[in-house]
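So this one's structure-v3.txt, compact mmCIF, C-alpha atoms (C1' of nucleotides):
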# COMPACT_ATOMS: atom_id res chain seq x y z
CA MET A 1 102.14 140.71 101.99
CA GLU A 2 100.53 137.43 102.94
CA THR A 3 102.74 135.11 104.98
CA LYS A 4 102.91 131.32 104.58
CA ALA A 5 101.04 130.87 107.84
CA GLU A 6 98.28 133.15 106.63
CA LYS A 7 98.10 131.30 103.33
CA ALA A 8 97.74 128.05 105.29
CA LYS A 9 94.67 129.46 106.96
CA ALA A 10 92.97 130.24 103.65
CA PRO A 11 89.29 129.36 103.91
CA SER A 12 89.43 127.06 100.88
CA ARG A 13 91.75 124.64 102.67
CA ARG A 14 90.16 121.36 103.71
CA THR A 15 89.47 120.70 107.38
CA SER A 16 92.35 119.06 109.26
CA ILE A 17 92.57 117.59 112.75
CA THR A 18 94.28 120.83 113.76
CA ASP A 19 91.14 122.76 112.82
CA VAL A 20 88.98 120.37 114.82
CA ALA A 21 91.39 120.61 117.74
CA ARG A 22 91.28 124.42 117.67
CA VAL A 23 87.49 124.45 117.83
CA LEU A 24 87.44 121.97 120.72
CA GLN A 25 90.41 123.62 122.45
CA VAL A 26 92.26 120.32 122.71
CA SER A 27 95.48 119.13 121.06
CA ALA A 28 95.71 117.58 117.63
CA SER A 29 96.99 114.42 119.31
CA THR A 30 93.74 114.11 121.24
CA VAL A 31 91.69 114.52 118.07
CA SER A 32 93.80 111.98 116.23
CA ARG A 33 93.42 109.40 118.99
CA ALA A 34 89.72 110.04 119.42
CA LEU A 35 89.03 109.62 115.71
CA SER A 36 91.04 106.39 115.57
CA ASP A 37 89.09 105.09 118.57
CA GLN A 38 92.09 104.49 120.80
CA GLN A 39 91.46 103.29 124.33
CA ASP A 40 93.27 106.03 126.23
CA ILE A 41 90.68 108.68 125.37
CA SER A 42 87.55 109.23 127.44
CA LYS A 43 84.20 108.40 125.88
CA ALA A 44 83.05 111.96 126.41
CA THR A 45 86.03 113.39 124.51
CA LYS A 46 85.60 110.87 121.69
CA ALA A 47 81.96 111.84 121.35
CA ARG A 48 82.76 115.58 121.29
CA VAL A 49 85.55 115.11 118.73
CA ARG A 50 83.40 113.01 116.42
CA GLN A 51 80.52 115.43 116.64
CA VAL A 52 82.64 118.46 115.77
CA ALA A 53 84.62 116.60 113.09
CA HIS A 54 81.38 115.58 111.43
CA ALA A 55 79.97 119.09 111.69
CA MET A 56 83.14 120.50 110.09
CA ASN A 57 83.01 117.89 107.31
CA TYR A 58 86.40 116.53 108.31
CA GLN A 59 87.85 113.88 105.99
CA PRO A 60 91.08 112.10 107.02
CA ASN A 61 94.13 112.79 104.90
CA LEU A 62 95.41 109.32 103.98
CA VAL A 63 98.51 110.75 102.32
CA ALA A 64 99.57 112.44 105.55
CA ALA A 65 98.83 109.32 107.58
CA GLY A 66 100.84 107.22 105.17
CA LEU A 67 103.67 109.71 105.37
CA ARG A 68 104.03 109.17 109.10
CA ARG A 69 103.37 105.44 109.07
CA GLY A 70 105.62 104.78 106.11
CA GLN A 71 102.83 102.89 104.41
CA SER A 72 100.02 104.12 102.20
CA LYS A 73 97.53 101.29 102.75
CA THR A 74 96.82 101.57 99.03
CA LEU A 75 97.03 99.02 96.21
CA GLY A 76 97.16 99.78 92.50
CA VAL A 77 95.35 97.75 89.88
CA ILE A 78 96.08 98.23 86.18
CA LEU A 79 93.54 96.60 83.86
CA PRO A 80 93.66 96.46 80.05
CA HIS A 81 90.05 97.66 79.99
CA LEU A 82 86.86 97.57 82.04
CA SER A 83 84.60 96.12 79.40
CA GLY A 84 83.24 92.57 79.43
CA ALA A 85 82.55 90.50 82.51
CA PHE A 86 85.97 89.15 83.44
CA TYR A 87 87.97 92.16 84.66
CA PRO A 88 85.11 93.88 86.53
CA THR A 89 84.50 90.59 88.34
CA VAL A 90 88.17 90.25 89.25
CA LEU A 91 88.22 93.90 90.36
CA HIS A 92 85.24 93.29 92.61
CA GLY A 93 87.13 90.48 94.31
CA ILE A 94 90.29 92.57 94.68
CA GLU A 95 88.40 95.50 96.23
CA LYS A 96 86.51 93.20 98.58
CA MET A 97 89.68 91.58 99.92
CA ALA A 98 91.57 94.87 100.06
CA SER A 99 88.77 96.52 102.02
CA GLN A 100 88.68 93.64 104.50
CA HIS A 101 92.34 94.28 105.23
CA GLY A 102 92.03 98.07 105.47
CA TYR A 103 93.41 98.87 102.04
CA GLN A 104 92.21 101.29 99.37
CA VAL A 105 92.42 100.40 95.66
CA LEU A 106 93.45 102.73 92.84
CA VAL A 107 92.29 101.44 89.45
CA CYS A 108 93.83 102.44 86.08
CA GLN A 109 93.42 101.25 82.50
CA SER A 110 96.36 100.39 80.22
CA HIS A 111 94.17 100.13 77.11
CA ASP A 112 96.24 97.01 76.41
CA GLU A 113 99.17 99.17 75.33
CA VAL A 114 102.64 98.99 76.86
CA ARG A 115 103.39 102.75 76.71
CA CYS A 116 100.20 103.54 78.57
CA GLU A 117 100.94 100.74 81.02
CA GLN A 118 104.39 102.27 81.71
CA ARG A 119 102.79 105.64 82.55
CA ARG A 120 100.25 104.00 84.86
CA VAL A 121 102.97 102.05 86.67
CA ALA A 122 104.99 105.26 87.17
CA ALA A 123 101.93 107.09 88.48
CA LEU A 124 101.12 104.31 90.96
CA LEU A 125 104.72 104.19 92.21
CA ALA A 126 104.62 107.97 92.66
CA ALA A 127 101.42 107.53 94.65
CA GLN A 128 103.36 105.22 97.00
CA VAL A 129 101.11 102.23 96.50
CA GLU A 130 102.26 99.20 98.45
CA GLY A 131 101.52 96.74 95.69
CA ILE A 132 100.43 96.55 92.06
CA LEU A 133 98.17 93.90 90.56
CA ILE A 134 98.27 93.68 86.82
CA PRO A 135 97.49 91.47 83.84
CA VAL A 136 100.21 92.78 81.52
CA SER A 137 99.12 94.32 78.26
CA ALA A 138 99.34 92.30 75.07
CA THR A 139 102.31 94.43 73.94
CA THR A 140 104.21 94.22 77.22
CA LEU A 141 105.49 90.67 77.01
CA ALA A 142 108.85 91.64 75.44
CA GLU A 143 109.28 94.91 77.36
CA VAL A 144 109.33 94.47 81.12
CA ASN A 145 111.76 97.12 82.41
CA HIS A 146 108.98 99.16 84.04
CA LEU A 147 107.79 96.04 85.87
CA ALA A 148 111.32 95.25 87.03
CA GLN A 149 111.44 98.79 88.46
CA VAL A 150 108.39 97.98 90.57
CA GLN A 151 110.26 95.05 92.08
CA GLN A 152 113.39 97.15 92.60
CA ALA A 153 111.33 99.77 94.43
CA GLY A 154 110.31 97.09 96.92
CA THR A 155 106.68 97.39 95.83
CA GLY A 156 104.68 94.20 95.66
CA LEU A 157 103.89 92.96 92.17
CA VAL A 158 101.35 90.28 91.33
CA PHE A 159 100.29 89.30 87.84
CA PHE A 160 96.95 87.77 87.07
CA ASP A 161 95.44 86.44 83.86
CA ARG A 162 98.59 87.36 81.89
CA ALA A 163 102.23 87.40 83.02
CA PRO A 164 105.54 88.02 81.27
CA ALA A 165 107.71 84.91 80.98
CA ASP A 166 111.07 86.54 81.69
CA LEU A 167 110.60 88.39 84.96
CA PRO A 168 112.04 86.21 87.73
CA GLY A 169 110.85 86.61 91.28
CA SER A 170 107.35 87.76 90.41
CA ALA A 171 104.11 86.19 91.63
CA ALA A 172 101.32 85.28 89.26
CA VAL A 173 97.78 83.94 89.47
CA LEU A 174 97.01 82.43 86.08
CA LEU A 175 94.32 80.37 84.47
CA ASP A 176 95.70 77.12 83.05
CA THR A 177 94.16 77.72 79.62
CA TYR A 178 96.46 75.24 77.89
CA ASN A 179 95.42 72.28 80.01
CA GLY A 180 91.85 73.55 80.15
CA ALA A 181 91.56 73.46 76.37
CA TYR A 182 93.42 70.15 76.20
CA GLU A 183 91.12 68.53 78.74
CA ALA A 184 87.99 69.93 77.10
CA VAL A 185 88.90 68.59 73.66
CA THR A 186 89.97 65.24 75.09
CA HIS A 187 86.65 65.01 76.90
CA LEU A 188 84.74 65.64 73.66
CA ILE A 189 86.80 63.08 71.76
CA LYS A 190 86.42 60.38 74.40
CA GLY A 191 82.71 61.11 74.50
CA GLY A 192 82.47 60.31 70.81
CA SER A 193 82.28 63.89 69.54
CA ARG A 194 85.31 63.69 67.26
CA ARG A 195 83.73 65.91 64.61
CA ILE A 196 82.75 68.55 67.13
CA ALA A 197 86.24 68.49 68.62
CA HIS A 198 87.99 69.48 65.40
CA PHE A 199 85.19 71.46 63.79
CA ALA A 200 86.51 74.87 64.77
CA GLY A 201 89.87 76.41 64.03
CA PRO A 202 92.11 77.52 66.92
CA GLN A 203 91.21 81.18 66.42
CA GLN A 204 87.54 80.33 66.84
CA VAL A 205 88.32 78.47 70.05
CA SER A 206 89.96 81.38 71.85
CA THR A 207 92.06 84.51 71.43
CA SER A 208 94.41 83.04 74.04
CA ARG A 209 97.52 81.51 72.50
CA ASN A 210 97.82 79.02 75.37
CA CYS A 211 94.24 77.95 74.84
CA GLN A 212 94.80 77.54 71.09
CA GLU A 213 97.95 75.50 71.71
CA GLY A 214 96.13 73.25 74.17
CA TYR A 215 93.38 72.71 71.62
CA LEU A 216 95.85 71.84 68.86
CA ALA A 217 97.89 69.56 71.14
CA ALA A 218 94.79 67.57 72.03
CA LEU A 219 93.84 67.17 68.35
CA ARG A 220 97.39 66.06 67.56
CA ASP A 221 97.59 63.58 70.43
CA HIS A 222 94.29 62.02 69.43
CA GLN A 223 95.34 61.97 65.76
CA LEU A 224 92.68 64.37 64.50
CA PRO A 225 93.34 66.99 61.81
CA ARG A 226 93.43 70.59 63.03
CA GLY A 227 90.36 72.76 62.55
CA LYS A 228 89.43 75.11 59.74
CA ASN A 229 92.36 77.54 60.10
C1' DG B 1 119.92 138.36 88.06
C1' DC B 2 121.06 133.65 88.64
C1' DC B 3 122.02 129.60 91.04
C1' DA B 4 122.59 126.71 95.13
C1' DT B 5 121.43 125.84 99.68
C1' DT B 6 118.56 126.13 103.67
C1' DT B 7 114.24 126.63 105.97
C1' DC B 8 109.55 125.97 106.49
C1' DA B 9 104.89 124.12 105.98
C1' DC B 10 101.75 120.55 105.12
C1' DG B 11 98.61 116.51 108.17
C1' DG B 12 98.59 112.86 111.06
C1' DC B 13 100.77 109.36 114.05
C1' DC B 14 103.86 107.93 117.74
C1' DC B 15 106.15 108.33 121.99
C1' DC B 16 107.09 110.37 126.23
C1' DA B 17 106.01 113.65 129.82
C1' DA B 18 102.81 116.07 132.61
C1' DA B 19 98.45 116.92 134.76
C1' DT B 20 94.51 115.26 137.17
C1' DA C 1 95.76 104.88 136.66
C1' DT C 2 93.78 107.59 133.28
C1' DT C 3 93.74 111.29 130.22
C1' DT C 4 95.78 114.86 127.63
C1' DG C 5 99.53 117.80 125.64
C1' DG C 6 103.58 118.59 123.01
C1' DG C 7 107.49 117.65 120.16
C1' DG C 8 109.47 115.04 116.55
C1' DC C 9 109.15 112.75 112.36
C1' DC C 10 107.93 111.36 107.59
C1' DG C 11 108.67 113.24 101.94
C1' DT C 12 108.00 116.87 99.01
C1' DG C 13 107.84 121.37 97.14
C1' DA C 14 107.68 126.28 97.73
C1' DA C 15 109.73 130.18 99.74
C1' DA C 16 113.53 132.46 101.77
C1' DT C 17 118.30 133.30 102.09
C1' DG C 18 123.08 133.75 100.76
C1' DG C 19 126.89 134.02 97.58
C1' DC C 20 128.65 135.21 93.25

Reformat the file's structure so that it appears as structure tokens.
Amino acid sequence: METKAEKAKAPSRRTSITDVARVLQVSASTVSRALSDQQDISKATKARVRQVAHAMNYQPNLVAAGLRRGQSKTLGVILPHLSGAFYPTVLHGIEKMASQHGYQVLVCQSHDEVRCEQRRVAALLAAQVEGILIPVSATTLAEVNHLAQVQQAGTGLVFFDRAPADLPGSAAVLLDTYNGAYEAVTHLIKGGSRRIAHFAGPQQVSTSRNCQEGYLAALRDHQLPRGKN
DNA sequence: GCCATTTCACGGCCCCAAAT
DNA sequence: ATTTGGGGCCGTGAAATGGC
């Protein structure tokens, strides 16, 4: 019967630093240090290790490294969807900054649905991500227990674009859509475009409630009737 | 046979000791 | 002083072991 050690040597297993070390007849420690370019390894050894590792198609196991370090160097991003221009642009910025700081990014979609968002949050916590960036789904605003669990786990949590109102202690990067809409309408009115300013209804202005409220507040403050609907 | 407990393996990093 | 080796550790799950 096959032993555990023999199973571990199955040919389908991916190449580890132990395999590279065995070929080079050095220790796994030496391979690890050579591949991470530490100073206390000779140039000749580094070159040999890299050559053999490349030839054996070695890929570092980030899970194992994170296990020892106690950090995964991975961030999770949960987006409602990947369509349109906004979220892909934000994701590009997140990945760029994460990469600059040595972090990987895991991206999931919530499909703008709280149940799906809960599953994605659980999966990212299980993957030991160090932080989660998320614009909460449209149906999450009244149901934030899964997000509170992220905080309780000591995992970083940053909202962007949309954030729940009743989750103290969380960080958020938000667009000021209320004041943006208010300022835009005020600018039109002061520029003499009173008709243009109240031509549309709030739902034509934006799907964002904040934006709609800013629009309506500006009309009210400048004593204009609200738009079509 | 079933259940609970213990042991082991996984991959890579860190620290200390030993060799040169 | 520099380079390398070896053991321990991390969290999890599978396998082995023991007791009933």

TODO: Can you check which residues of chain A have any atom within 9 Å of chain B? Use only C-alpha atoms (C1' of nucleotides) and format it as a ChimeraX atom specification.
DONE: /A:4-5,8,16-18,28-29,32-33,60-69

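Here CA of Gln59 in chain A stands at a distance of 22.2 Å from CA of Ala126 in chain A.
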
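Here CA of Leu106 in chain A stands at a distance of 23.5 Å from CA of Thr15 in chain A.
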
Open item on the list: Within 10 Å of chain A, which residues belong to chain C? Use all atoms listed in the file and report them as a ChimeraX atom specification.
Closed with: /C:2-6,9-11,14-15

Could the residues in this selection be saved with C-alpha atoms (C1' of nucleotides) as a compact mmCIF listing (two decimals), in the frame of the given file?
# COMPACT_ATOMS: atom_id res chain seq x y z
C1' DT C 2 93.78 107.59 133.28
C1' DT C 3 93.74 111.29 130.22
C1' DT C 4 95.78 114.86 127.63
C1' DG C 5 99.53 117.80 125.64
C1' DG C 6 103.58 118.59 123.01
C1' DC C 9 109.15 112.75 112.36
C1' DC C 10 107.93 111.36 107.59
C1' DG C 11 108.67 113.24 101.94
C1' DA C 14 107.68 126.28 97.73
C1' DA C 15 109.73 130.18 99.74

- [ ] State, in Å with one decimal place, the distance from CA of Gly93 in chain A to CA of Asp176 in chain A.
- [x] 19.5 Å

Using the file's own x, y and z axes, so that the box edges lie along x, y and z, what centre and edge lengths in Å (one decimal) does a box around every listed atom of range 2-6 of chain C get when 3 Å is added on each side? Give it as JSON.
{"center_x": 98.7, "center_y": 113.1, "center_z": 128.1, "size_x": 15.8, "size_y": 17.0, "size_z": 16.3}
